[in-house]
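Asks: Right, I'll just put the structure down here and ask away after.
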Amino acid sequence: MTTDSPIVVGVDGSAHSLDAVCWAADAAVHHRAPLSSLLGAPGTFGDAVNLSAGVFSGVEYAGTQSLATASELARRSVPGNHLTLRTSLRHGSAVAALLDAAESARMLVVGSRGLGEFTGGLVGSVSAAVASHAPCPVAVIRGMPEMDAPPLDGPVVVGVDGSPNSEPAIAAAFEEASLRGVDLVAVHAWSDFSLLTVTPADPSDNELPWSAIETAERAVLSERLAGWKDKYPDVSVRKVVVRDRPVHHLLQQARESQLVVTGSRGRGGFASLLLGSTSRALLHALTCPLLIVRR
C-alpha cells in the first residue's frame with residue numbers, strides 16, 4: 001500500500017451499497033485518501049448461451065449510471081471537503097473484481113447485502129466473500145433507519161484477545177479513533193466461551209482465583225495497548241475486561257459506538273480458517289459498521 005492507495009467501495013445500486021458509499025466517502029476524507037467506486041458487471045454470459053456481447057450493452061449502461069449516482073452521492077455526503085473520486089466498471093464476478101482491487105487498496109468497503117440477495121439474510125454473499133479473502137481491511141456497512149443510527153460522536157470499539165492476531169486491529173482502531181477525534185473502547189474477554197457451563201455464576205462459589213485472574217488479564221490488555229497509547233496520545237482509552245463471550249460484550253458496546261474493529265482470526269484459531277468465530281458472529285449480528293483487519 002502506498003500513501004495514495006485508495007479506499008475502494010463496492011457499488012451495485014442497492015440501498016446497502018449506497019450506505020457504504022457514504023461511509024466510504026467520510027472515511028476517505030478522514031484518511032485523506034482517494035475514493036474508488038467499483039462495480040462488477042456480467043461480461044461472459046453471452047458466450048455461455050451463444051448471444052452477442054451487444055445484448056448486454058444495457059447492463060453496461062446501467063452500471064455506468066450506478067457509478068455516476070454513487071459519485072454524486074459521495075460528494076454530497078461530505079460537503080465542503082475535497083474528495084478525489086475514481087470509478088471503475090469491471091466485467092465478470094463482483095467478488096473477483098473487488099478482491100483484485102483490494103490488492104492495492106487502503107481499505108475495502110461493502111454493504112452488508114446487495115441487489116438480488118435474500119432479504120432474510122443478514123450478510124450477503126459478496127460481503128461475506130470479500131471479508132473472508134481480502135488482504136486489506138474490510139468495512140461492512142449495514143443500512144439502518146435514521147432513528148436507530150449510532151451517534152456520530154460515538155467511540156470506536158476494538159476487540160482485544162491478547163494474541164498477536166489482534167495487534168493489527170488495535171493499530172487500526174487507534175488510527176480510526178484518532179482520525180475521528182473520538183474515544184476508544186478496548187474490550188478484552190478472558191475466554192471465547194461462556195464459563196457458566198463449567199463454573200458457578202458467583203465467583204465466590206468456587207475455588208478459582210478470580211481476582212488474580214482478572215488482575216492478570218487487565219495486565220495483558222494494558223500491555224497490548226501500551227505502545228499504541230504512546231503513538232496516539234490524543235486518544236482517550238476506556239478498558240473493559242470481561243470474563244467470557246467477547247461477541248456478547250462487543251455487541252453491548254456497539255450500541256453507542258460508530259465503528260467496531262476486530263481481527264480476522266482470534267487466539268487459537270486454525271490457520272485454515274479465514275474468519276474466526278468472533279469476526280464471523282459480528283459480521284452477522286452488528287448493526288453498526290464493522291472493520292475486519294487481517295494480520
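Naming scheme: A, B, ... for chains in displayed order of the C-alpha cells; residues 1 onward per chain; ligands 1 onward as shown.
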Which residues are close to Ala28 (chain A), i.e. within 10 Å by only C-alpha atoms, leaving aside same-chain residues fewer than 2 positions away? Reply as number ranges by chain.
Replies: A: 6-8, 22-26, 30-36, 78, 82-85, 106-107
Asks: Would you kindly return, as an MDAnalysis selection string, each protein, DNA or RNA residue with an atom no farther than 12 Å from any atom of Gly227 (chain A), considering only C-alpha atoms and excluding same-chain residues fewer than 3 positions away?
Replies: chainID A and resid 167 170:171 174 221:224 230:233
Asks: So what do you get for CA of Ser279 (chain A) versus CA of Ala70 (chain A), distance-wise?
Replies: 28.2 Å
Asks: Env of region 94-97 of chain A: 7 Å cut, atoms = only C-alpha atoms, seq-sep filter 4 positions within chain, self excluded. Answer as a ChimeraX atom specification.
Replies: /A:39-40,90,101,126,129-130
Asks: Just to confirm, what's the straight-line distance from CA of Asp183 (chain A) to CA of Ala20 (chain A) in Å (one decimal)?
Replies: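 These atoms are spaced 22.9 Å apart.
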Asks: Mind listing the helix (DSSP H, G or I) residues of region 51-116 of chain A, per DSSP on the backbone, as a ChimeraX atom specification?
Replies: /A:53-77,94-102
